$ cat my_file-v2.cif   # mmCIF, C-alpha atoms
data_model
loop_
_atom_site.label_atom_id
_atom_site.label_comp_id
_atom_site.auth_asym_id
_atom_site.auth_seq_id
_atom_site.Cartn_x
_atom_site.Cartn_y
_atom_site.Cartn_z
CA MET A 1410 61.94 88.51 76.18
CA THR A 1411 65.10 86.54 75.33
CA THR A 1412 67.41 85.89 78.29
CA LEU A 1413 71.06 86.22 77.37
CA PRO A 1414 73.42 83.54 78.68
CA ALA A 1415 75.42 84.47 81.74
CA PRO A 1416 78.91 85.73 80.89
CA LEU A 1417 81.67 83.15 81.25
CA LEU A 1418 85.26 83.77 82.27
CA ALA A 1419 88.14 81.47 83.13
CA VAL A 1420 91.44 82.32 84.80
CA THR A 1421 94.03 79.64 84.06
CA GLU A 1422 97.24 78.76 85.93
CA ALA A 1423 96.24 80.88 88.90
CA ARG A 1424 98.64 80.55 91.82
CA LEU A 1425 96.84 80.74 95.14
CA ARG A 1426 98.64 81.96 98.25
CA ASP A 1427 98.61 78.44 99.68
CA GLY A 1428 100.78 77.32 96.73
CA ARG A 1429 98.15 75.54 94.65
CA VAL A 1430 97.99 76.29 90.92
CA VAL A 1431 94.40 76.17 89.72
CA ASP A 1432 91.97 77.22 87.04
CA VAL A 1433 89.15 79.47 88.22
CA HIS A 1434 85.90 79.22 86.24
CA CYS A 1435 83.27 81.95 86.63
CA ALA A 1436 79.69 82.23 85.39
CA GLY A 1437 76.67 84.21 86.44
CA GLY A 1438 78.83 86.48 88.58
CA ALA A 1439 80.08 83.62 90.78
CA VAL A 1440 83.02 81.23 90.97
CA THR A 1441 81.68 77.95 89.62
CA ALA A 1442 84.83 75.84 89.78
CA LEU A 1443 88.28 76.09 91.30
CA VAL A 1444 90.23 73.06 90.14
CA PRO A 1445 93.84 71.99 89.49
CA THR A 1446 95.04 73.48 86.23
CA GLY A 1447 94.04 71.50 83.15
CA THR A 1448 91.55 69.17 84.84
CA LEU A 1449 88.43 70.93 83.56
CA PRO A 1450 88.06 72.20 79.99
CA VAL A 1451 87.49 75.93 79.55
CA PRO A 1452 83.89 76.37 78.33
CA PRO A 1453 83.57 77.33 74.66
CA GLY A 1454 83.21 81.06 74.23
CA ALA A 1455 84.49 81.88 77.73
CA GLU A 1456 86.71 84.92 78.09
CA LEU A 1457 90.18 83.66 78.97
CA VAL A 1458 92.63 85.28 81.38
CA GLN A 1459 96.01 83.56 81.56
CA ALA A 1460 97.50 84.09 85.00
CA ALA A 1461 100.62 82.16 83.90
CA GLY A 1462 101.53 81.25 87.47
CA GLY A 1463 100.93 84.72 88.89
CA LEU A 1464 99.17 85.09 92.21
CA VAL A 1465 95.40 85.38 92.16
CA THR A 1466 93.82 86.88 95.27
CA GLU A 1467 90.58 88.25 96.59
CA PRO A 1468 90.06 91.98 95.93
CA PHE A 1469 91.42 94.48 98.44
CA VAL A 1470 89.30 95.93 101.24
CA ASP A 1471 89.97 99.43 102.57
CA ALA A 1472 88.37 99.47 106.01
CA HIS A 1473 89.12 103.13 106.78
CA LEU A 1474 89.33 106.06 104.36
CA HIS A 1475 88.35 109.70 104.94
CA LEU A 1476 87.01 110.05 101.43
CA ASP A 1477 85.62 113.57 101.67
CA LYS A 1478 89.03 114.91 102.76
CA VAL A 1479 91.04 113.50 99.84
CA ARG A 1480 93.58 116.01 98.47
CA THR A 1481 92.40 118.89 100.67
CA LEU A 1482 95.86 119.51 102.19
CA PRO A 1483 96.67 122.36 99.72
CA LEU A 1484 93.58 124.19 101.00
CA ILE A 1485 94.75 124.32 104.60
CA GLY A 1486 98.55 124.14 104.89
CA ASP A 1487 100.69 122.17 107.33
CA ALA A 1488 99.65 123.47 110.76
CA ALA A 1489 97.13 120.69 111.47
CA LEU A 1490 99.45 118.01 110.09
CA GLN A 1491 102.29 119.21 112.32
CA ALA A 1492 100.10 119.23 115.41
CA TYR A 1493 98.64 115.79 114.67
CA THR A 1494 101.96 114.04 114.11
CA ALA A 1495 104.41 115.93 116.38
CA ASP A 1496 105.68 114.73 119.77
CA GLY A 1497 104.49 111.16 119.39
CA MET A 1498 100.94 112.29 118.53
CA GLY A 1499 100.64 113.96 121.92
CA ASP A 1500 98.81 116.93 120.38
CA SER A 1501 96.59 114.99 117.98
CA ALA A 1502 93.37 116.51 119.35
CA ARG A 1503 94.64 120.00 118.53
CA GLY A 1504 95.45 118.81 115.01
CA ILE A 1505 91.81 117.77 114.55
CA ASP A 1506 90.62 121.17 115.71
CA LEU A 1507 92.96 122.95 113.29
CA ALA A 1508 91.85 120.69 110.43
CA ARG A 1509 88.28 121.95 110.87
CA ALA A 1510 89.22 125.08 108.91
CA VAL A 1511 89.32 123.18 105.62
CA LYS A 1512 85.55 122.81 105.68
CA GLN A 1513 85.03 126.44 104.76
CA HIS A 1514 86.10 125.30 101.28
CA TYR A 1515 83.65 122.37 101.10
CA ARG A 1516 81.58 122.40 97.91
CA ILE A 1517 80.20 119.27 96.28
CA GLU A 1518 81.55 120.35 92.89
CA THR A 1519 85.09 120.77 94.27
CA LEU A 1520 85.10 117.65 96.46
CA LEU A 1521 83.64 115.23 93.93
CA PRO A 1522 86.53 115.19 91.39
CA CYS A 1523 89.05 114.25 94.09
CA ILE A 1524 86.71 111.63 95.53
CA ARG A 1525 86.23 110.12 92.07
CA GLN A 1526 89.98 110.06 91.51
CA ALA A 1527 90.60 108.30 94.83
CA LEU A 1528 88.06 105.58 94.02
CA ALA A 1529 89.42 105.22 90.47
CA ASP A 1530 92.98 104.96 91.83
CA GLY A 1531 91.81 102.36 94.31
CA LEU A 1532 90.05 100.35 91.62
CA ARG A 1533 93.20 100.39 89.49
CA ASN A 1534 95.02 99.07 92.58
CA GLY A 1535 92.46 96.33 93.16
CA VAL A 1536 90.37 98.00 95.90
CA GLN A 1537 86.77 96.86 95.47
CA HIS A 1538 85.45 97.57 98.98
CA VAL A 1539 85.79 100.84 100.92
CA GLN A 1540 84.49 101.96 104.30
CA ALA A 1541 84.38 105.68 103.60
CA PHE A 1542 84.15 108.20 106.43
CA ALA A 1543 82.50 111.51 105.52
CA ASP A 1544 82.42 114.42 107.96
CA VAL A 1545 78.99 115.42 109.22
CA ASP A 1546 79.20 118.36 111.61
CA THR A 1547 78.18 121.98 111.98
CA ALA A 1548 81.19 123.12 109.95
CA ALA A 1549 80.72 120.73 107.01
CA GLY A 1550 76.97 120.26 107.21
CA LEU A 1551 76.00 117.48 104.82
CA THR A 1552 78.23 118.66 101.97
CA GLY A 1553 80.95 116.05 102.44
CA VAL A 1554 78.58 113.15 102.88
CA ARG A 1555 76.48 114.20 99.86
CA ALA A 1556 79.62 114.29 97.69
CA VAL A 1557 80.63 110.80 98.87
CA LEU A 1558 77.10 109.47 98.34
CA ALA A 1559 77.16 110.81 94.77
CA ALA A 1560 80.47 109.06 94.09
CA ARG A 1561 79.13 105.84 95.62
CA GLU A 1562 76.40 105.77 93.00
CA GLU A 1563 78.82 106.50 90.16
CA PHE A 1564 81.02 103.55 91.16
CA ARG A 1565 78.22 101.15 92.02
CA GLY A 1566 78.92 97.74 90.55
CA ARG A 1567 82.66 98.35 90.44
CA VAL A 1568 83.48 99.47 93.99
CA ASP A 1569 81.31 98.91 97.06
CA VAL A 1570 81.41 102.11 99.14
CA SER A 1571 79.98 101.90 102.66
CA VAL A 1572 79.45 105.49 103.81
CA VAL A 1573 80.03 106.38 107.46
CA ALA A 1574 78.26 109.52 108.73
CA PHE A 1575 81.14 110.79 110.83
CA PRO A 1576 80.82 113.60 113.43
CA GLN A 1577 84.52 114.54 113.24
CA ASP A 1578 84.32 117.25 115.92
CA GLY A 1579 82.30 115.22 118.41
CA VAL A 1580 78.62 115.46 119.28
CA LEU A 1581 78.67 117.00 122.75
CA ARG A 1582 81.38 119.51 121.90
CA ASP A 1583 79.65 120.29 118.57
CA PRO A 1584 75.94 120.81 119.35
CA GLY A 1585 73.85 120.03 116.31
CA ALA A 1586 76.16 117.33 114.94
CA ALA A 1587 74.02 114.48 116.30
CA GLU A 1588 70.98 115.73 114.40
CA LEU A 1589 73.06 116.09 111.24
CA VAL A 1590 74.22 112.49 111.53
CA GLU A 1591 70.58 111.37 111.66
CA GLU A 1592 69.90 113.47 108.55
CA ALA A 1593 72.85 111.86 106.80
CA MET A 1594 71.57 108.39 107.65
CA ALA A 1595 68.16 109.31 106.25
CA ALA A 1596 69.87 110.63 103.10
CA GLY A 1597 71.55 107.29 102.42
CA ALA A 1598 74.61 106.88 104.64
CA ASP A 1599 75.17 103.27 105.69
CA VAL A 1600 77.01 103.37 109.03
CA VAL A 1601 76.71 105.48 112.19
CA GLY A 1602 80.08 107.06 112.94
CA GLY A 1603 81.67 108.40 116.08
CA ILE A 1604 84.85 109.79 117.62
CA PRO A 1605 84.26 109.59 121.38
CA TRP A 1606 87.82 110.20 122.55
CA ILE A 1607 87.65 113.81 121.30
CA GLU A 1608 84.97 114.69 123.87
CA ALA A 1609 85.88 116.48 127.10
CA GLY A 1610 86.03 113.92 129.88
CA THR A 1611 84.91 110.38 130.57
CA ALA A 1612 81.23 111.16 131.05
CA ASP A 1613 80.95 112.91 127.67
CA GLN A 1614 82.89 110.10 125.99
CA GLU A 1615 80.46 107.54 127.45
CA ALA A 1616 77.52 109.66 126.31
CA HIS A 1617 78.93 109.90 122.77
CA VAL A 1618 79.32 106.11 122.53
CA GLU A 1619 75.87 105.51 123.99
CA TRP A 1620 74.26 107.91 121.51
CA ALA A 1621 75.93 106.32 118.48
CA CYS A 1622 75.21 102.72 119.47
CA ALA A 1623 71.60 103.51 120.38
CA LEU A 1624 71.12 105.16 116.98
CA ALA A 1625 72.73 102.25 115.13
CA ALA A 1626 70.55 99.76 117.01
CA ARG A 1627 67.40 101.77 116.32
CA LEU A 1628 68.19 101.98 112.59
CA GLY A 1629 69.48 98.41 112.29
CA ARG A 1630 72.88 99.63 111.09
CA ARG A 1631 76.54 99.11 111.85
CA VAL A 1632 78.67 101.50 113.91
CA ALA A 1633 82.24 102.64 113.16
CA MET A 1634 84.26 104.89 115.42
CA LEU A 1635 87.70 106.43 115.72
CA THR A 1636 88.78 105.52 119.24
CA ASP A 1637 91.71 106.53 121.42
CA ASP A 1638 93.76 108.21 118.68
CA ALA A 1639 96.50 109.37 121.06
CA PRO A 1640 99.28 107.73 123.10
CA ASP A 1641 97.60 108.32 126.47
CA PRO A 1642 96.59 105.16 128.38
CA ALA A 1643 93.91 107.20 130.16
CA TYR A 1644 91.81 106.88 126.99
CA ASP A 1645 89.37 104.01 127.23
CA THR A 1646 86.79 104.54 124.50
CA THR A 1647 87.51 101.28 122.67
CA ARG A 1648 86.29 99.43 125.76
CA MET A 1649 83.30 101.78 126.00
CA LEU A 1650 82.36 100.93 122.41
CA ALA A 1651 82.65 97.18 122.95
CA GLU A 1652 80.48 97.29 126.06
CA ALA A 1653 77.87 99.51 124.39
CA MET A 1654 77.72 97.11 121.43
CA ARG A 1655 76.81 94.33 123.85
CA ARG A 1656 74.17 96.46 125.61
CA HIS A 1657 72.51 97.39 122.31
CA GLY A 1658 72.68 94.01 120.58
CA LEU A 1659 75.27 95.15 118.02
CA GLU A 1660 77.48 92.07 118.28
CA GLY A 1661 79.49 91.67 115.08
CA ARG A 1662 78.44 95.10 113.81
CA GLY A 1663 81.14 97.43 115.12
CA VAL A 1664 84.53 98.76 114.06
CA ALA A 1665 87.12 100.71 116.04
CA CYS A 1666 89.73 102.53 113.98
CA HIS A 1667 93.14 103.61 115.32
CA ALA A 1668 92.75 102.58 119.00
CA ARG A 1669 96.36 103.76 119.36
CA ALA A 1670 96.20 104.19 123.14
CA VAL A 1671 95.75 100.42 123.49
CA GLY A 1672 99.44 100.06 122.64
CA HIS A 1673 100.19 101.92 125.89
CA TYR A 1674 98.10 99.66 128.13
CA ASP A 1675 99.82 97.07 130.33
CA ASP A 1676 99.59 93.44 129.21
CA ASP A 1677 96.67 92.47 131.43
CA ARG A 1678 94.58 95.46 130.35
CA GLN A 1679 95.41 94.88 126.69
CA ASN A 1680 94.41 91.24 126.89
CA ALA A 1681 91.16 92.02 128.71
CA LEU A 1682 90.17 94.58 126.08
CA LEU A 1683 91.08 92.31 123.16
CA ASP A 1684 89.13 89.42 124.66
CA LEU A 1685 86.12 91.70 125.04
CA ALA A 1686 86.49 92.84 121.42
CA ARG A 1687 86.56 89.22 120.26
CA GLU A 1688 83.50 88.33 122.33
CA VAL A 1689 81.34 91.15 120.93
CA GLY A 1690 82.73 90.99 117.38
CA LEU A 1691 84.37 94.41 117.45
CA GLY A 1692 86.79 94.65 114.50
CA LEU A 1693 89.89 96.82 114.72
CA VAL A 1694 91.55 98.90 112.00
CA SER A 1695 95.15 100.07 112.23
CA ASP A 1696 96.72 102.79 110.09
CA PRO A 1697 100.36 102.71 111.26
CA HIS A 1698 101.66 104.92 108.45
CA THR A 1699 99.54 107.94 109.50
CA GLY A 1700 100.84 108.15 113.06
CA SER A 1701 103.76 107.07 115.19
CA VAL A 1702 101.61 105.19 117.74
CA VAL A 1703 99.83 101.94 116.83
CA LEU A 1704 97.57 99.35 118.38
CA PRO A 1705 99.12 95.90 119.00
CA VAL A 1706 98.05 94.27 115.75
CA GLU A 1707 99.67 90.86 116.17
CA ARG A 1708 98.48 90.47 119.75
CA ALA A 1709 94.93 91.30 118.65
CA LEU A 1710 95.11 88.66 115.93
CA GLN A 1711 96.52 86.10 118.35
CA ARG A 1712 93.53 86.65 120.63
CA GLY A 1713 91.08 86.09 117.77
CA VAL A 1714 90.13 89.68 116.95
CA ALA A 1715 89.45 90.62 113.33
CA VAL A 1716 91.97 93.28 112.27
CA ALA A 1717 92.40 95.32 109.08
CA LEU A 1718 94.73 97.91 107.67
CA GLY A 1719 93.34 101.06 106.07
CA GLN A 1720 94.57 103.86 103.84
CA ASP A 1721 93.05 106.35 106.33
CA ASP A 1722 94.04 109.56 104.53
CA ILE A 1723 95.18 110.79 101.12
CA GLU A 1724 96.95 114.16 101.00
CA ASP A 1725 94.92 115.84 103.71
CA ALA A 1726 95.50 117.51 107.07
CA TYR A 1727 96.59 114.20 108.64
CA TYR A 1728 98.80 112.57 106.00
CA PRO A 1729 100.57 114.13 102.98
CA PHE A 1730 100.86 110.99 100.83
CA GLY A 1731 98.62 108.13 99.72
CA ARG A 1732 97.79 106.47 96.39
CA HIS A 1733 94.88 104.33 97.60
CA ASN A 1734 97.12 101.32 97.20
CA LEU A 1735 96.59 98.82 100.01
CA LEU A 1736 99.63 96.77 99.04
CA GLU A 1737 101.65 99.93 99.62
CA VAL A 1738 99.94 100.33 103.00
CA ALA A 1739 100.78 96.71 103.86
CA PHE A 1740 104.38 97.23 102.67
CA LEU A 1741 104.72 100.21 105.01
CA ALA A 1742 103.11 98.23 107.83
CA ALA A 1743 105.71 95.48 107.39
CA HIS A 1744 108.31 97.97 108.60
CA LEU A 1745 106.25 99.97 111.08
CA LEU A 1746 104.80 96.89 112.80
CA ASP A 1747 108.04 94.90 112.47
CA MET A 1748 106.34 92.15 110.47
CA ARG A 1749 108.82 90.86 107.91
CA SER A 1750 109.04 87.08 108.26
CA ALA A 1751 107.38 84.93 105.58
CA PRO A 1752 104.37 84.01 107.80
CA GLN A 1753 103.97 87.66 108.80
CA LEU A 1754 103.92 88.73 105.15
CA GLU A 1755 100.97 86.40 104.59
CA VAL A 1756 99.23 88.00 107.57
CA LEU A 1757 99.80 91.47 106.09
CA VAL A 1758 98.00 90.45 102.90
CA ASP A 1759 95.20 89.01 105.05
CA LEU A 1760 94.89 92.43 106.72
CA VAL A 1761 93.87 94.00 103.39
CA THR A 1762 91.81 91.02 102.15
CA THR A 1763 90.21 88.26 104.22
CA SER A 1764 90.71 89.71 107.70
CA ALA A 1765 89.59 93.15 106.52
CA ALA A 1766 86.44 91.56 105.07
CA ARG A 1767 85.74 90.08 108.52
CA VAL A 1768 86.11 93.52 110.08
CA LEU A 1769 83.48 94.97 107.74
CA GLY A 1770 81.24 91.90 107.83
CA LEU A 1771 81.28 91.49 104.04
CA PRO A 1772 78.90 88.66 103.07
CA GLY A 1773 80.17 85.99 100.68
CA TYR A 1774 83.67 87.44 100.40
CA GLY A 1775 86.36 84.93 99.46
CA LEU A 1776 87.94 82.94 96.68
CA ARG A 1777 86.13 79.62 96.59
CA GLU A 1778 83.40 77.82 94.69
CA GLY A 1779 80.12 79.67 95.10
CA SER A 1780 81.67 82.98 96.14
CA PRO A 1781 81.24 86.16 94.09
CA ALA A 1782 83.62 86.13 91.11
CA ASP A 1783 85.62 89.08 92.43
CA LEU A 1784 89.35 88.52 92.10
CA LEU A 1785 92.68 90.03 91.19
CA VAL A 1786 95.32 88.59 88.87
CA HIS A 1787 98.85 89.71 89.75
CA ASP A 1788 102.16 89.48 87.92
CA ALA A 1789 103.97 88.57 91.15
CA ALA A 1790 104.22 84.84 91.82
CA ARG A 1791 105.31 85.22 95.49
CA THR A 1792 103.80 87.12 98.39
CA VAL A 1793 107.12 88.82 99.11
CA ASP A 1794 107.16 90.21 95.56
CA LEU A 1795 103.50 91.22 95.79
CA LEU A 1796 104.33 93.39 98.80
CA ALA A 1797 107.79 94.54 97.77
CA ARG A 1798 106.62 95.85 94.39
CA HIS A 1799 103.07 96.84 95.48
CA GLU A 1800 102.14 97.14 91.82
CA PRO A 1801 98.56 97.31 90.52
CA PRO A 1802 97.06 93.93 89.61
CA ARG A 1803 97.35 92.98 85.96
CA VAL A 1804 93.63 92.18 85.82
CA ASP A 1805 90.82 93.32 88.13
CA ILE A 1806 87.69 91.14 87.90
CA ARG A 1807 84.31 92.01 89.39
CA ALA A 1808 81.29 89.68 89.20
CA GLY A 1809 83.12 87.62 86.58
CA GLN A 1810 83.84 90.57 84.30
CA ILE A 1811 87.07 92.49 83.77
CA VAL A 1812 86.74 96.02 85.14
CA SER A 1813 90.37 97.18 85.07
#

$ encode --input "my_file-v2.cif" --output "structure tokens"
Amino acid sequence: MTTLPAPLLAVTEARLRDGRVVDVHCAGGAVTALVPTGTLPVPPGAELVQAAGGLVTEPFVDAHLHLDKVRTLPLIGDAALQAYTADGMGDSARGIDLARAVKQHYRIETLLPCIRQALADGLRNGVQHVQAFADVDTAAGLTGVRAVLAAREEFRGRVDVSVVAFPQDGVLRDPGAAELVEEAMAAGADVVGGIPWIEAGTADQEAHVEWACALAARLGRRVAMLTDDAPDPAYDTTRMLAEAMRRHGLEGRGVACHARAVGHYDDDRQNALLDLAREVGLGLVSDPHTGSVVLPVERALQRGVAVALGQDDIEDAYYPFGRHNLLEVAFLAAHLLDMRSAPQLEVLVDLVTTSAARVLGLPGYGLREGSPADLLVHDAARTVDLLARHEPPRVDIRAGQIVS
């Protein structure tokens, strides 16, 4: 059998975020050279992309998206959204309970078109990696996760979708959900999910965390939880998760999304938690646009914790907007997190690229010789323009081939 030569691609006059202007040569799905422009001839027959001084970045990473819920808001109305967002998120637990009603409409054939559209929109906006939460509970059964798993296969090779089996309504307060999560993992889900803060009382919250981490350790998987999604400093489930990760040998394999209550801790308690997160490799994901309370992103970064931004929701019971555009998310975060200086703008891009990849533990991610040839070519030549315009990349490259 004749072996065809590996496809070749070269991106010329690519401006990196550190200011260098380089040519990026790709072959066999990897970056083979990253050299000052003009110093290495473009191989004959290579496909040529002229960046013309535009920024070239790594692809975007969405560390938190409720993919099964995309565009379900019209099915349920505003009651859950109002409860989740009103009074400084003080009634967010009630919002989650109200949102449960949407699951009576769950059918794979009705969920799948919206899921496909969200992944296609993300790909057009340069999103090549998604940690996708899919509800697994006694209301949804496995319908949501099966729809997301089907979409994962359709987009394989273009978008990496890591599916979280997510017991949205808890496991102690929703008997039967724990068994459904195990079924979802056996059916192909990648990550054990959890939402311990929703349980009634500290003992049940501890039990929820212990169950999820024990399951992840037994299966050799990662764990991803929504922790402390309310402005009450009494919530402490982010710490519970970090300590359980250490007990179960899950160092570097855990993610805590939201962790909004941490912003209401005093300085000493914040620092102690963030140091613990760094020690056990617990990544944090903030979604400041979907709620008025946020975790202290910059302090977490200063203490060495991997942090990401996520889209979180798209037109569902928790957020009425969303285009699966992580530059738009970062643009909103610039205002909501008060991060508008030039160095802070660079950090915001990190939060949807390199830092987000650390949160998810993505192997090989980066823009360097030997890394996968996954990159985005933008029209913007400055980071401030990249964020201000939050336009789709001009060219989206995956494994050395143009995909969008």

$ residues_around --input "my_file-v2.cif" --residues "segment 1666-1683 of chain A" --least-positions-apart "5" --cutoff "7 Å" --atoms "only C-alpha atoms" --output "PyMOL selection string"
chain A and resi 1634-1642+1644+1647-1648+1693-1696+1702-1705+1709+1712+1714

$ atom_distance --input "my_file-v2.cif" --atom1 "atom CA of Asp1546 of chain A" --atom2 "atom CA of Arg1655 of chain A"
27.1 Å

$ resolve_selection --input "my_file-v2.cif" --expression "the PyMOL selection byres ((chain A and resi 1448) around 12)" --output "number ranges by chain"
A: 1421-1422, 1430-1434, 1442-1447, 1449-1451

$ atom_distance --input "my_file-v2.cif" --atom1 "atom CA of Ser1750 of chain A" --atom2 "atom CA of Leu1771 of chain A"
28.4 Å

$ atom_distance --input "my_file-v2.cif" --atom1 "atom CA of Pro1781 of chain A" --atom2 "atom CA of Gly1438 of chain A"
6.0 Å

$ residues_near_point --input "my_file-v2.cif" --point "(92.3, 102.9, 97.7)" --cutoff "12 Å" --atoms "all atoms listed in the file" --output "mmCIF file with C-alpha atoms, keeping the file's coordinate frame"
data_model
loop_
_atom_site.group_PDB
_atom_site.id
_atom_site.type_symbol
_atom_site.label_atom_id
_atom_site.label_comp_id
_atom_site.auth_asym_id
_atom_site.auth_seq_id
_atom_site.Cartn_x
_atom_site.Cartn_y
_atom_site.Cartn_z
ATOM 1 C CA PRO A 1468 90.060 91.980 95.930
ATOM 2 C CA PHE A 1469 91.420 94.480 98.440
ATOM 3 C CA VAL A 1470 89.300 95.930 101.240
ATOM 4 C CA ASP A 1471 89.970 99.430 102.570
ATOM 5 C CA ALA A 1472 88.370 99.470 106.010
ATOM 6 C CA HIS A 1473 89.120 103.130 106.780
ATOM 7 C CA LEU A 1474 89.330 106.060 104.360
ATOM 8 C CA HIS A 1475 88.350 109.700 104.940
ATOM 9 C CA LEU A 1476 87.010 110.050 101.430
ATOM 10 C CA VAL A 1479 91.040 113.500 99.840
ATOM 11 C CA ILE A 1524 86.710 111.630 95.530
ATOM 12 C CA ARG A 1525 86.230 110.120 92.070
ATOM 13 C CA GLN A 1526 89.980 110.060 91.510
ATOM 14 C CA ALA A 1527 90.600 108.300 94.830
ATOM 15 C CA LEU A 1528 88.060 105.580 94.020
ATOM 16 C CA ALA A 1529 89.420 105.220 90.470
ATOM 17 C CA ASP A 1530 92.980 104.960 91.830
ATOM 18 C CA GLY A 1531 91.810 102.360 94.310
ATOM 19 C CA LEU A 1532 90.050 100.350 91.620
ATOM 20 C CA ARG A 1533 93.200 100.390 89.490
ATOM 21 C CA ASN A 1534 95.020 99.070 92.580
ATOM 22 C CA GLY A 1535 92.460 96.330 93.160
ATOM 23 C CA VAL A 1536 90.370 98.000 95.900
ATOM 24 C CA GLN A 1537 86.770 96.860 95.470
ATOM 25 C CA HIS A 1538 85.450 97.570 98.980
ATOM 26 C CA VAL A 1539 85.790 100.840 100.920
ATOM 27 C CA GLN A 1540 84.490 101.960 104.300
ATOM 28 C CA ALA A 1541 84.380 105.680 103.600
ATOM 29 C CA VAL A 1568 83.480 99.470 93.990
ATOM 30 C CA ASP A 1569 81.310 98.910 97.060
ATOM 31 C CA VAL A 1570 81.410 102.110 99.140
ATOM 32 C CA LEU A 1718 94.730 97.910 107.670
ATOM 33 C CA GLY A 1719 93.340 101.060 106.070
ATOM 34 C CA GLN A 1720 94.570 103.860 103.840
ATOM 35 C CA ASP A 1721 93.050 106.350 106.330
ATOM 36 C CA ASP A 1722 94.040 109.560 104.530
ATOM 37 C CA ILE A 1723 95.180 110.790 101.120
ATOM 38 C CA GLY A 1731 98.620 108.130 99.720
ATOM 39 C CA ARG A 1732 97.790 106.470 96.390
ATOM 40 C CA HIS A 1733 94.880 104.330 97.600
ATOM 41 C CA ASN A 1734 97.120 101.320 97.200
ATOM 42 C CA LEU A 1735 96.590 98.820 100.010
ATOM 43 C CA LEU A 1736 99.630 96.770 99.040
ATOM 44 C CA GLU A 1737 101.650 99.930 99.620
ATOM 45 C CA VAL A 1738 99.940 100.330 103.000
ATOM 46 C CA VAL A 1761 93.870 94.000 103.390
ATOM 47 C CA PRO A 1801 98.560 97.310 90.520
#

$ resolve_selection --input "my_file-v2.cif" --expression "the PyMOL selection byres ((chain A and resi 1515) around 10)" --output "ChimeraX atom specification"
/A:1477-1478,1481,1510-1514,1516-1520,1548-1553,1556

$ resolve_selection --input "my_file-v2.cif" --expression "the PyMOL selection byres ((chain A and resi 1699) around 7)" --output "PDB file with C-alpha atoms, in the coordinates of the input"
ATOM      1  CA  ASP A1696      96.720 102.790 110.090  1.00  0.00           C
ATOM      2  CA  PRO A1697     100.360 102.710 111.260  1.00  0.00           C
ATOM      3  CA  HIS A1698     101.660 104.920 108.450  1.00  0.00           C
ATOM      4  CA  GLY A1700     100.840 108.150 113.060  1.00  0.00           C
ATOM      5  CA  TYR A1727      96.590 114.200 108.640  1.00  0.00           C
ATOM      6  CA  TYR A1728      98.800 112.570 106.000  1.00  0.00           C
TER       7      TYR A1728
END

$ closest_residue --input "my_file-v2.cif" --among "A:Phe1730, A:Asp1759, A:Ala1743, A:Val1557" --to "Ala1717 of chain A" --atoms "all atoms listed in the file"
A:Asp1759

$ closest_residue --input "my_file-v2.cif" --among "A:Leu1490, A:Leu1691, A:Leu1425, A:Ala1495" --to "Val1465 of chain A" --atoms "all atoms listed in the file"
A:Leu1425
